Amino acid sequence: MSTNPQREFALDIVRQLRAAGFEALWAGGCVRDQLLAREPMDYDVATNARPEEIQKLFGHRRTLAIGAAFGVIGVLSKNAGTVEVATFRSDGAYLDGRHPSSVVFTTAEHDAQRRDFTINGMFFDPLANQVIDYVDGQADLAGGIIRAIGDPTARFTEDKLRMLRAVRFATTFNFTIEPNTLAAIQEMAEEVNVVSAERIGAELTRLLTHPRRDDGLRLLQESGLLKPLFPELADAASSNTDAWRQTLQALERLESKNLSTALAGLFVDSIPAAQVATAGRRFRFSNKEIDLAVWLAKQLPRIAEAEQLPWPRLQRILTHDGAEELMALAAATVGRDHPSVTKCQEFLSLPSEKLNPPQLLTGDDLVRHGYQPGPHFAQLLTAIRDAQLEGQIGDESEALQLADQLIQDQDIDHKGTKDTKKER
């Protein structure tokens, strides 16, 4: 018996719809995943019940009109989230490249014809444990083929994000894209950017965080989607340069599911680190994701030269919140057995009190010591921290003595920099 709460909830929805006299089936990705022996991420139900009938059956407090105009109602559960229940439909023209201008409620067979790929166009009767397949999806699933339902150009014209989804499905399932479907993508690839940046970003996130992301990048190039999505990589990819091959090798070796790390690895041999942010903003990745990707790209060369770096400088890198991802990126690009990478890993295995001992002084300590805050504080605290990490000083008293010495050596007068020393 399944322990997945949403699966049980989706099964209960089918039972209730059937008891009320309606057809009801599981639809789309959950059917595909079951046949691939994968646990579905979520479940969708398709039915001949109209939206208003679905809401009446489950109650308005338990339903959400996610897309009632398109026949989609969310049914809510306290412990299983939301299951979308959609009325069987046929779609009118997709004038905005995403939504149909009109829908006609229809049968399961006609509903299957509007879906994107054959592997996503199947239904499943969970009560009879039976697959209902009007599009030969089972054959393509068995053959490892991504095939558009009907005319691929028509399917991609309806929603151009489907071109990127084809690449993502082929990558994550290790399938091939059927030749006519691939040809249609190559013909229409430049049109992908009419899709919203957020939708593209969501697909790319799933692609780039998958272990086979290097194959995904190759398929983006083959399909023609790489150039409109990542123009920074297009020339290197089309010429099959050393940088392109190194990028693919690094992505293949990368042992991380972090988007920022994959993004940094994608560009590490191609563009300056600062431009990583440009690509991240293009797809509306979060500021946190972009900032980490930029930091990783900037710090990677430091790891490659770690043997020559002063310990205080290296220590600041290795105690950063992104250090684990940086080492994953370094292992994939510089090499896991590179002496500098090995040295960093040895440092990271140190006890925390040695790797990152508490700071001896803060700005507040300097103020209490008699100094007024100013631009010199940052430089002063950095020098004190360096001396601490190098073992030159070991307690607060020695740190304050060093602060006094540094002020004296720099010949800084008392004009707002240092008050008359307090009695101590």
# chains A, B, ... in the order shown; residues from 1 in each chain; ligands from 1
>>> select_by_dssp(residues="region 42-217 of chain A", states="strand (DSSP E or B)", output="PyMOL selection string")
chain A and resi 44-47+63-67+72-77+81-87+89-91+103-105+117+123-125+130-132+145-146+148+176-177
>>> residues_around(residues="region 128-139 of chain A", least_positions_apart="6", cutoff="6 Å", atoms="only C-alpha atoms", output="MDAnalysis selection string")
chainID A and resid 118:119 122
>>> residues_around(residues="region 289-294 of chain A", least_positions_apart="6", cutoff="8 Å", atoms="only C-alpha atoms", output="JSON, numbers by chain")
{"A": [259, 260, 261, 263, 264, 273, 274, 276, 277, 280, 281, 322]}
>>> residues_around(residues="region 305-309 of chain A", least_positions_apart="3", cutoff="9 Å", atoms="only C-alpha atoms", output="list in words")
Pro301, Arg302, Pro312, Arg313, Leu314, Pro339, Ser340, Val341, Lys343 and Cys344 of chain A
>>> atom_distance(atom1="CA of Thr157 (chain A)", atom2="CA of Arg89 (chain A)")
18.4 Å
>>> select_by_dssp(residues="region 58-285 of chain A", states="helix (DSSP H, G or I)", output="PyMOL selection string")
chain A and resi 58+60-62+68-70+108-113+118-120+137-143+152-158+161-173+179-194+197-208+213-223+226-229+231-238+242-253+259-267+273-282
>>> closest_residue(among="A:Ala69, A:Leu17, A:Leu326, A:Ala279", to="Val104 (chain A)", atoms="only C-alpha atoms")
A:Ala69
>>> residues_around(residues="Leu76 (chain A)", least_positions_apart="2", cutoff="8 Å", atoms="only C-alpha atoms", output="ChimeraX atom specification")
/A:62-64,74,78,80-83
>>> residues_around(residues="Asp12 (chain A)", least_positions_apart="4", cutoff="12 Å", atoms="only C-alpha atoms", output="NGL selection string")
:A and (5-8 or 16-19 or 24-26 or 43 or 45 or 58 or 75 or 77 or 80 or 83 or 126-127)
>>> residues_around(residues="Glu325 (chain A)", least_positions_apart="4", cutoff="8 Å", atoms="only C-alpha atoms", output="ChimeraX atom specification")
/A:256,258,261,296,329
>>> write_last_selection(atoms="N, CA and C atoms", output="PDB file, in the first residue's frame")
ATOM      1  N   SER A 256      26.958  18.031  -7.515  1.00  0.00           N
ATOM      2  CA  SER A 256      26.170  18.993  -6.750  1.00  0.00           C
ATOM      3  C   SER A 256      24.826  19.165  -7.439  1.00  0.00           C
ATOM      4  N   ASN A 258      23.110  21.917  -6.712  1.00  0.00           N
ATOM      5  CA  ASN A 258      22.893  23.335  -6.451  1.00  0.00           C
ATOM      6  C   ASN A 258      22.896  24.118  -7.756  1.00  0.00           C
ATOM      7  N   THR A 261      25.931  26.539  -8.277  1.00  0.00           N
ATOM      8  CA  THR A 261      27.177  25.854  -8.620  1.00  0.00           C
ATOM      9  C   THR A 261      27.181  25.447 -10.082  1.00  0.00           C
ATOM     10  N   LEU A 296      31.199  32.029  -6.414  1.00  0.00           N
ATOM     11  CA  LEU A 296      31.872  30.786  -6.781  1.00  0.00           C
ATOM     12  C   LEU A 296      32.804  30.998  -7.979  1.00  0.00           C
ATOM     13  N   LEU A 329      32.745  22.494  -7.004  1.00  0.00           N
ATOM     14  CA  LEU A 329      33.076  23.084  -8.303  1.00  0.00           C
ATOM     15  C   LEU A 329      34.560  22.918  -8.606  1.00  0.00           C
TER      16      LEU A 329
END
>>> closest_residue(among="A:Gly71, A:Lys298, A:Ala10, A:Asp364", to="Asp42 (chain A)", atoms="only C-alpha atoms")
A:Ala10
>>> closest_residue(among="A:Phe22, A:Phe156, A:Phe173, A:Phe285", to="Ala189 (chain A)", atoms="only C-alpha atoms")
A:Phe156
>>> atom_distance(atom1="CA of Val103 (chain A)", atom2="CA of Ile185 (chain A)")
25.5 Å
>>> atom_distance(atom1="CA of Thr333 (chain A)", atom2="CA of Leu300 (chain A)")
8.8 Å
>>> closest_residue(among="A:Ile66, A:Leu400, A:Ala46, A:Leu248", to="Arg368 (chain A)", atoms="only C-alpha atoms")
A:Leu400
